>>> print(open('protein_32.cif').read())   # mmCIF, C-alpha atoms
data_input
loop_
_atom_site.label_atom_id
_atom_site.label_comp_id
_atom_site.auth_asym_id
_atom_site.auth_seq_id
_atom_site.Cartn_x
_atom_site.Cartn_y
_atom_site.Cartn_z
CA MET B 139 27.08 81.85 -17.87
CA SER B 140 30.22 82.37 -19.98
CA TRP B 141 33.76 81.64 -18.84
CA ASP B 142 36.39 84.42 -18.76
CA TRP B 143 39.35 82.45 -20.13
CA GLU B 144 41.74 85.40 -19.84
CA LYS B 145 41.15 85.81 -16.13
CA LEU B 146 41.44 82.01 -15.62
CA LYS B 147 44.86 81.94 -17.34
CA GLU B 148 46.08 84.92 -15.26
CA GLN B 149 45.08 83.18 -12.03
CA GLN B 150 46.87 79.93 -13.10
CA GLN B 151 50.03 81.87 -13.96
CA LYS B 152 49.93 83.60 -10.56
CA MET B 153 49.60 80.21 -8.81
CA GLY B 154 52.48 78.84 -10.88
CA ALA B 155 50.55 75.78 -12.15
CA SER B 156 48.90 74.77 -15.40
CA PRO B 157 46.33 72.01 -16.07
CA PRO B 158 47.72 68.74 -17.55
CA GLN B 159 47.33 68.31 -21.25
CA MET B 160 46.01 65.14 -22.95
CA ASP B 161 49.19 64.68 -24.98
CA ASP B 162 51.25 64.65 -21.80
CA ILE B 163 49.08 61.93 -20.27
CA ILE B 164 49.33 59.74 -23.40
CA ASN B 165 53.12 60.12 -23.49
CA LYS B 166 53.38 59.07 -19.85
CA PHE B 167 51.45 55.87 -20.55
CA LYS B 168 53.67 55.11 -23.54
CA ASN B 169 56.77 55.48 -21.43
CA PHE B 170 55.40 53.27 -18.58
CA ARG B 171 57.27 49.96 -18.12
CA LEU B 172 56.66 47.10 -15.70
CA PRO B 173 59.55 45.91 -13.57
CA GLY B 174 61.09 42.86 -15.21
CA GLY B 175 59.75 43.67 -18.66
CA PRO B 176 57.69 41.19 -20.76
CA ILE B 177 58.63 38.19 -18.58
CA ILE B 178 56.24 39.31 -15.85
CA VAL B 179 53.45 39.72 -18.41
CA ILE B 180 54.04 36.22 -19.76
CA ILE B 181 54.05 34.76 -16.24
CA ILE B 182 50.77 36.47 -15.41
CA ILE B 183 49.16 35.21 -18.63
CA LEU B 184 50.38 31.65 -17.97
CA ALA B 185 49.05 31.77 -14.40
CA VAL B 186 45.64 32.86 -15.62
CA LEU B 187 45.57 30.13 -18.27
CA ALA B 188 46.69 27.47 -15.77
CA SER B 189 44.08 28.47 -13.21
CA SER B 190 41.33 28.15 -15.82
CA SER B 191 42.66 24.92 -17.34
CA PHE B 192 42.97 22.65 -14.30
CA TYR B 193 39.97 21.74 -12.16
CA THR B 194 39.01 19.13 -9.56
CA VAL B 195 35.94 16.88 -9.64
CA ASN B 196 34.68 15.54 -6.29
CA VAL B 197 34.05 11.85 -5.66
CA ASP B 198 30.27 12.21 -5.97
CA GLU B 199 30.44 14.26 -9.18
CA VAL B 200 31.29 14.05 -12.86
CA GLY B 201 32.45 16.91 -15.05
CA MET B 202 30.56 17.71 -18.27
CA VAL B 203 32.94 19.55 -20.63
CA GLN B 204 31.62 21.84 -23.37
CA ARG B 205 33.76 23.34 -26.13
CA PHE B 206 32.25 26.54 -27.46
CA GLY B 207 28.93 25.39 -25.99
CA LYS B 208 28.98 21.88 -27.52
CA TYR B 209 29.33 18.82 -25.27
CA VAL B 210 32.60 16.98 -25.93
CA ARG B 211 33.35 14.63 -23.01
CA THR B 212 32.67 13.56 -19.41
CA THR B 213 35.46 13.64 -16.82
CA GLN B 214 35.65 11.48 -13.72
CA PRO B 215 36.50 12.45 -10.10
CA GLY B 216 40.01 13.80 -9.52
CA LEU B 217 42.28 16.45 -11.09
CA ASN B 218 41.42 17.09 -14.76
CA PHE B 219 42.57 19.39 -17.59
CA LYS B 220 40.55 21.44 -20.07
CA LEU B 221 41.30 24.17 -22.53
CA PRO B 222 41.42 27.69 -21.09
CA VAL B 223 38.41 29.81 -20.28
CA GLY B 224 36.53 30.99 -23.32
CA ILE B 225 37.22 27.73 -25.17
CA GLU B 226 36.02 24.97 -22.89
CA LYS B 227 33.62 25.12 -19.98
CA VAL B 228 33.03 22.42 -17.33
CA THR B 229 29.79 21.82 -15.42
CA LYS B 230 29.95 19.57 -12.37
CA VAL B 231 26.98 17.27 -11.81
CA ARG B 232 26.43 15.39 -8.50
CA VAL B 233 25.49 11.92 -9.71
CA ARG B 234 25.80 10.09 -6.37
CA HIS B 235 23.93 12.56 -4.22
CA VAL B 236 20.29 11.86 -3.35
CA PHE B 237 18.17 14.99 -3.80
CA LYS B 238 14.79 15.58 -2.23
CA GLU B 239 11.61 17.40 -3.19
CA GLU B 240 8.95 17.89 -0.53
CA PHE B 241 5.26 18.40 -1.23
CA GLY B 242 3.35 19.77 1.74
CA ALA B 243 5.63 18.02 4.25
CA GLN B 244 8.64 20.30 4.66
CA THR B 245 11.21 18.68 6.96
CA THR B 246 14.29 20.71 6.05
CA PRO B 247 14.78 24.44 6.67
CA GLY B 248 14.52 26.76 3.75
CA VAL B 249 11.95 28.39 1.52
CA SER B 250 9.23 26.01 0.43
CA ARG B 251 7.77 26.25 -3.05
CA ALA B 252 4.38 24.99 -1.85
CA ARG B 253 1.42 27.08 -2.98
CA VAL B 254 -0.68 28.08 0.05
CA GLY B 255 -4.27 29.23 -0.13
CA SER B 256 -5.36 32.56 1.30
CA ASN B 257 -7.79 31.07 3.84
CA SER B 258 -5.86 27.97 4.85
CA ASP B 259 -2.46 26.94 6.05
CA GLU B 260 -2.59 23.82 3.87
CA SER B 261 -0.73 23.89 0.55
CA THR B 262 -2.96 23.60 -2.48
CA GLU B 263 -0.62 21.08 -4.08
CA THR B 264 -1.55 18.54 -1.39
CA LEU B 265 -5.33 19.01 -1.67
CA MET B 266 -6.53 16.22 -3.96
CA LEU B 267 -9.87 14.84 -5.09
CA THR B 268 -10.32 11.11 -4.43
CA GLY B 269 -12.27 8.61 -6.46
CA ASP B 270 -15.34 8.87 -4.19
CA LEU B 271 -15.41 12.69 -4.58
CA ASN B 272 -13.83 13.50 -1.22
CA VAL B 273 -10.97 15.95 -0.65
CA ALA B 274 -7.81 14.60 0.99
CA VAL B 275 -4.60 16.27 2.19
CA VAL B 276 -1.81 14.12 0.72
CA PRO B 277 1.76 15.21 1.62
CA TRP B 278 4.67 13.27 0.17
CA ILE B 279 8.43 13.40 -0.44
CA VAL B 280 10.28 12.44 -3.65
CA GLN B 281 13.90 11.33 -3.35
CA TYR B 282 15.89 11.11 -6.57
CA ARG B 283 19.37 11.16 -8.04
CA ILE B 284 20.83 12.11 -11.42
CA ASP B 285 21.19 8.94 -13.45
CA ASN B 286 22.11 10.44 -16.85
CA PRO B 287 24.08 13.73 -16.57
CA PHE B 288 23.90 14.43 -20.32
CA ASP B 289 20.09 14.25 -20.42
CA PHE B 290 19.86 16.15 -17.15
CA LEU B 291 21.87 19.10 -18.52
CA PHE B 292 20.96 19.26 -22.20
CA LYS B 293 17.59 17.57 -22.85
CA VAL B 294 15.29 19.58 -20.54
CA ARG B 295 15.44 23.32 -19.89
CA ASP B 296 14.26 23.20 -16.23
CA VAL B 297 14.52 19.68 -14.84
CA ARG B 298 13.44 20.60 -11.32
CA ARG B 299 10.28 22.29 -12.56
CA LEU B 300 9.55 19.24 -14.68
CA LEU B 301 10.03 16.93 -11.69
CA VAL B 302 7.71 19.02 -9.51
CA ASP B 303 4.94 19.19 -12.10
CA MET B 304 5.21 15.51 -13.02
CA SER B 305 5.18 14.46 -9.36
CA GLU B 306 2.06 16.46 -8.62
CA ALA B 307 0.25 15.23 -11.74
CA THR B 308 1.18 11.61 -11.05
CA MET B 309 0.07 11.75 -7.42
CA ARG B 310 -3.27 13.30 -8.38
CA LEU B 311 -3.79 10.56 -10.95
CA VAL B 312 -3.06 7.75 -8.48
CA VAL B 313 -5.12 9.28 -5.66
CA GLY B 314 -8.02 9.95 -8.02
CA ASP B 315 -8.45 6.21 -8.59
CA ARG B 316 -8.99 5.42 -4.89
CA SER B 317 -11.50 6.17 -2.16
CA ILE B 318 -10.72 8.39 0.82
CA ASN B 319 -10.35 5.36 3.10
CA GLU B 320 -7.87 3.73 0.72
CA VAL B 321 -5.87 6.96 0.47
CA ILE B 322 -5.59 7.09 4.26
CA SER B 323 -4.92 3.40 4.92
CA LYS B 324 -2.97 2.22 1.82
CA ARG B 325 -0.16 4.77 1.64
CA ASP B 326 2.56 2.22 0.79
CA GLU B 327 0.55 0.91 -2.15
CA ILE B 328 -0.04 4.45 -3.44
CA ALA B 329 3.66 5.33 -3.08
CA THR B 330 4.74 2.24 -5.04
CA GLU B 331 2.33 2.91 -7.90
CA ALA B 332 3.18 6.62 -7.99
CA LYS B 333 6.91 5.85 -8.14
CA ALA B 334 6.51 3.53 -11.13
CA GLN B 335 4.25 5.99 -12.97
CA LEU B 336 6.50 8.99 -12.28
CA GLN B 337 9.63 7.15 -13.40
CA LYS B 338 7.89 6.21 -16.65
CA GLU B 339 6.96 9.85 -17.36
CA LEU B 340 10.45 11.14 -16.53
CA ASP B 341 12.04 8.53 -18.80
CA ASN B 342 9.75 9.57 -21.64
CA ALA B 343 10.82 13.19 -21.11
CA GLN B 344 14.54 12.18 -21.11
CA SER B 345 15.12 14.01 -17.84
CA GLY B 346 18.06 11.86 -16.71
CA ILE B 347 16.50 11.44 -13.25
CA PHE B 348 16.11 8.17 -11.34
CA ILE B 349 13.45 8.06 -8.60
CA VAL B 350 14.93 6.44 -5.50
CA THR B 351 11.74 6.40 -3.45
CA ILE B 352 8.46 8.19 -2.80
CA GLU B 353 7.58 8.51 0.87
CA MET B 354 3.97 9.18 1.81
CA LYS B 355 3.42 11.25 4.93
CA ARG B 356 0.35 11.18 7.17
CA THR B 357 -2.73 11.53 4.96
CA ASN B 358 -5.87 13.14 6.28
CA VAL B 359 -8.85 15.26 5.30
CA PRO B 360 -8.84 19.09 5.45
CA ARG B 361 -9.27 20.62 8.90
CA ALA B 362 -12.59 22.22 7.92
CA VAL B 363 -14.24 18.82 7.41
CA GLN B 364 -12.34 16.89 10.07
CA PRO B 365 -15.24 16.78 12.63
CA SER B 366 -17.73 15.54 10.01
CA PHE B 367 -15.26 12.98 8.77
CA ASN B 368 -14.74 11.69 12.32
CA GLU B 369 -18.51 11.31 12.73
CA VAL B 370 -18.71 9.36 9.49
CA ASN B 371 -15.86 7.11 10.62
CA GLN B 372 -17.56 6.53 13.96
CA ALA B 373 -20.81 5.60 12.23
CA THR B 374 -18.94 3.29 9.88
CA GLN B 375 -17.20 1.59 12.80
CA GLU B 376 -20.53 1.16 14.59
CA LYS B 377 -22.02 -0.34 11.45
CA GLU B 378 -19.10 -2.76 11.11
CA LYS B 379 -19.45 -3.66 14.78
CA LEU B 380 -23.14 -4.54 14.35
CA ILE B 381 -22.37 -6.53 11.23
CA TYR B 382 -19.67 -8.42 13.10
CA GLN B 383 -22.02 -9.19 15.98
CA ALA B 384 -24.71 -10.40 13.56
CA LYS B 385 -22.21 -12.62 11.79
CA GLU B 386 -21.07 -13.98 15.14
CA GLU B 387 -24.65 -14.89 16.10
CA TYR B 388 -25.17 -16.36 12.66
CA ASN B 389 -22.04 -18.48 13.00
CA LYS B 390 -23.31 -19.76 16.34
CA ALA B 391 -26.95 -20.50 15.36
CA ILE B 392 -26.53 -21.88 11.86
CA PRO B 393 -23.92 -24.56 12.66
CA SER B 394 -25.95 -25.61 15.72
CA ALA B 395 -29.12 -25.93 13.64
CA ARG B 396 -27.25 -27.78 10.94
CA GLY B 397 -25.81 -30.17 13.52
CA GLU B 398 -29.24 -30.80 15.03
CA ALA B 399 -30.71 -31.39 11.58
CA GLU B 400 -27.88 -33.75 10.74
CA ARG B 401 -28.44 -35.65 14.01
CA ILE B 402 -32.19 -36.02 13.31
CA VAL B 403 -31.50 -37.19 9.77
CA ARG B 404 -28.97 -39.75 11.00
CA THR B 405 -31.40 -40.96 13.69
CA ALA B 406 -34.15 -41.34 11.10
CA GLU B 407 -31.84 -43.15 8.75
CA GLY B 408 -30.79 -45.52 11.57
CA TYR B 409 -34.43 -46.14 12.56
CA ALA B 410 -35.35 -46.79 8.94
CA LEU B 411 -32.44 -49.17 8.53
CA ASP B 412 -33.43 -51.00 11.74
CA ARG B 413 -37.05 -51.34 10.62
CA VAL B 414 -35.99 -52.60 7.23
CA ASN B 415 -33.62 -55.13 8.74
CA ARG B 416 -36.24 -56.32 11.20
CA ALA B 417 -38.83 -56.66 8.45
CA GLN B 418 -36.38 -58.52 6.27
CA GLY B 419 -35.51 -60.81 9.21
CA ASP B 420 -39.18 -61.46 10.02
CA ALA B 421 -39.90 -62.19 6.37
CA ALA B 422 -36.96 -64.57 6.15
CA ARG B 423 -38.05 -66.31 9.38
CA PHE B 424 -41.66 -66.60 8.21
CA LYS B 425 -40.48 -67.94 4.89
CA ALA B 426 -38.31 -70.55 6.59
CA VAL B 427 -41.24 -71.62 8.82
CA TYR B 428 -43.52 -71.83 5.84
CA GLU B 429 -41.03 -74.01 3.99
CA GLU B 430 -40.88 -76.39 6.99
CA TYR B 431 -44.65 -76.30 7.30
CA ALA B 432 -45.01 -77.24 3.65
CA LYS B 433 -42.85 -80.31 4.25
CA ALA B 434 -44.86 -81.61 7.29
CA PRO B 435 -47.99 -79.57 7.99
CA ASP B 436 -49.28 -81.56 11.00
CA VAL B 437 -45.97 -81.66 12.82
CA THR B 438 -45.25 -78.04 12.12
CA LYS B 439 -48.74 -76.98 13.18
CA ARG B 440 -48.43 -78.86 16.47
CA ARG B 441 -44.95 -77.45 17.13
CA ILE B 442 -46.15 -73.91 16.46
CA TYR B 443 -49.11 -74.49 18.76
CA LEU B 444 -46.93 -75.78 21.58
CA GLU B 445 -44.41 -72.96 21.18
CA THR B 446 -47.21 -70.42 21.25
CA LEU B 447 -48.63 -71.91 24.47
CA LYS B 448 -45.18 -71.97 25.97
CA ASP B 449 -44.83 -68.22 25.38
CA LEU B 450 -48.42 -67.49 26.40
CA PHE B 451 -48.88 -69.48 29.66
CA PRO B 452 -46.25 -67.60 31.75
CA LYS B 453 -48.17 -64.40 31.06
CA LEU B 454 -51.60 -65.70 32.18
CA GLY B 455 -50.98 -65.93 35.97
CA PRO B 456 -52.67 -68.71 38.08
CA LYS B 457 -54.21 -71.47 35.99
CA TYR B 458 -56.90 -74.00 37.02
CA ILE B 459 -57.56 -77.14 35.07
CA ILE B 460 -61.04 -78.67 35.71
CA ASP B 461 -62.24 -81.98 34.53
CA GLU B 462 -65.22 -81.61 32.30
CA ASN B 463 -67.03 -84.59 33.97
CA HIS B 464 -66.74 -83.11 37.49
CA LYS B 465 -70.17 -82.00 38.74
CA ASN B 466 -69.59 -81.16 42.41
CA LEU B 467 -68.76 -77.52 43.15
CA LEU B 468 -67.32 -78.00 46.66
CA PRO B 469 -63.78 -78.54 45.61
CA LEU B 470 -63.94 -75.16 43.95
CA LEU B 471 -64.51 -73.38 47.30
CA ASN B 472 -60.89 -73.85 48.35
CA LEU B 473 -59.38 -72.44 45.20
CA GLY B 474 -58.69 -69.05 46.76
CA LYS B 475 -57.18 -70.55 49.91
CA GLU B 476 -54.99 -72.87 47.91
CA SER B 477 -53.79 -69.99 45.89
CA GLY B 478 -53.04 -68.12 49.15
CA LEU B 479 -51.20 -71.09 50.56
CA SER B 480 -49.25 -71.47 47.39
CA LYS B 481 -48.10 -67.91 47.73
#
>>> encode(input="protein_32.cif", output="structure tokens")
Amino acid sequence: MSWDWEKLKEQQQKMGASPPQMDDIINKFKNFRLPGGPIIVIIIILAVLASSSFYTVNVDEVGMVQRFGKYVRTTQPGLNFKLPVGIEKVTKVRVRHVFKEEFGAQTTPGVSRARVGSNSDESTETLMLTGDLNVAVVPWIVQYRIDNPFDFLFKVRDVRRLLVDMSEATMRLVVGDRSINEVISKRDEIATEAKAQLQKELDNAQSGIFIVTIEMKRTNVPRAVQPSFNEVNQATQEKEKLIYQAKEEYNKAIPSARGEAERIVRTAEGYALDRVNRAQGDAARFKAVYEEYAKAPDVTKRRIYLETLKDLFPKLGPKYIIDENHKNLLPLLNLGKESGLSK
């Protein structure tokens, strides 16, 4: 549709008004003056420059100053000065604060970056394969602080992402060298080894991070295999119990048998020593008698004869001595009575 400019001008003249012209607007801006003149402008500029030149660094921070993007110096806690905005920029880094990254064990409120599977409420970053081909749920917490602010800001693009990836890779490496029982029972040992390995990798990457500690939370197997794992543990405990009982019986029977054997051996050795000593004594006595017999055979023979009779007669009981020339038997009838009387 076309405009009827003649009718529009007639209506504006009847209303007694006309639209502002561009030249009038430009002239008004040229004639505009601030109260106080250029002094106010200078004061405003100085205020803006001062507000962007002075800054405060907290006690747990340091200030990293960049001039046109290039690092120039580090400022300490307190009030500091830098060139105005657009020339120098300061980035405050908390070097005394201990930060924390949690893996499957979230203890602080907020959004977790744990990756959760579709059919499980367990984060996939904590599901790890052990050395004996079992799957374990291994939650842990990494506490760290910024040790080198320059490396932290300028050497790595995303330090937090690097820390997360390195922590997960290191923990999988350490857990993969151990059995499921070691992963569950030796958490302190795993945490110590993982801390040393992670610190080594972060130093190689020039991340500027110092690992304060790695805390291992309660390690377990996935819920889907928990009943089977409990049955295996029960069977293992029963096996260890039977082995312990067998060793206990062994420790009772074997020392007893060894003691009995030792006693028999000692008894035999004592008997053998006694027999040898007796034989040696008898041989020495017989040799001494023979030497005396060789010196005086008749005397020695008679002495041996008398000594033998002396030992023999007490063992013979009643003894009767009869004269060989006696021929009457009557005296022999009273032998029994005499023996009775003698009793």
>>> residues_around(input="protein_32.cif", residues="Val363 in chain B", least_positions_apart="6", cutoff="12 Å", atoms="only C-alpha atoms", output="list in words")
Asn272, Val273, Ala274, Val275, Glu369 and Val370 of chain B
>>> resolve_selection(input="protein_32.cif", expression="the PyMOL selection byres ((chain B and resi 282-287) around 12)", output="ChimeraX atom specification")
/B:198-203,209,211-213,229-240,279-281,288-294,297-298,301-302,305,333,336-337,340-341,344-353
>>> atom_distance(input="protein_32.cif", atom1="CA of Ala406 in chain B", atom2="CA of Lys425 in chain B")
28.0 Å
>>> atom_distance(input="protein_32.cif", atom1="CA of Gln204 in chain B", atom2="CA of Ile225 in chain B")
8.3 Å
>>> residues_near_point(input="protein_32.cif", point="(39.5, 20.2, -18.1)", cutoff="6 Å", atoms="only C-alpha atoms", output="ChimeraX atom specification")
/B:191-192,218-220
>>> atom_distance(input="protein_32.cif", atom1="CA of Ser317 in chain B", atom2="CA of Glu376 in chain B")
19.7 Å
>>> residues_around(input="protein_32.cif", residues="Ser190 in chain B", least_positions_apart="6", cutoff="10 Å", atoms="only C-alpha atoms", output="PDB file with C-alpha atoms, keeping the file's coordinate frame")
ATOM      1  CA  LEU B 184      50.380  31.650 -17.970  1.00  0.00           C
ATOM      2  CA  PHE B 219      42.570  19.390 -17.590  1.00  0.00           C
ATOM      3  CA  LYS B 220      40.550  21.440 -20.070  1.00  0.00           C
ATOM      4  CA  LEU B 221      41.300  24.170 -22.530  1.00  0.00           C
ATOM      5  CA  PRO B 222      41.420  27.690 -21.090  1.00  0.00           C
ATOM      6  CA  VAL B 223      38.410  29.810 -20.280  1.00  0.00           C
ATOM      7  CA  GLY B 224      36.530  30.990 -23.320  1.00  0.00           C
ATOM      8  CA  GLU B 226      36.020  24.970 -22.890  1.00  0.00           C
ATOM      9  CA  LYS B 227      33.620  25.120 -19.980  1.00  0.00           C
TER      10      LYS B 227
END
>>> closest_residue(input="protein_32.cif", among="B:Phe424, B:Lys338, B:Ser189, B:Pro277", to="Ser261 in chain B", atoms="all atoms listed in the file")
B:Pro277
>>> closest_residue(input="protein_32.cif", among="B:Gly314, B:Pro435, B:Pro215, B:Gly455", to="Ile328 in chain B", atoms="only C-alpha atoms")
B:Gly314
>>> closest_residue(input="protein_32.cif", among="B:Lys433, B:Arg325, B:Arg299, B:Arg310", to="Thr268 in chain B", atoms="all atoms listed in the file")
B:Arg310
>>> residues_around(input="protein_32.cif", residues="Val312 in chain B", least_positions_apart="4", cutoff="8 Å", atoms="all atoms listed in the file", output="PyMOL selection string")
chain B and resi 308+316+328+331-332
>>> closest_residue(input="protein_32.cif", among="B:Val228, B:Ala432, B:Met309, B:Ile182", to="Val210 in chain B", atoms="only C-alpha atoms")
B:Val228
>>> axis_aligned_box(input="protein_32.cif", around="range 305-319 of chain B", padding_each_side="4 Å", output="JSON")
{"center_x": -3.2, "center_y": 10.9, "center_z": -4.3, "size_x": 24.7, "size_y": 19.1, "size_z": 22.8}
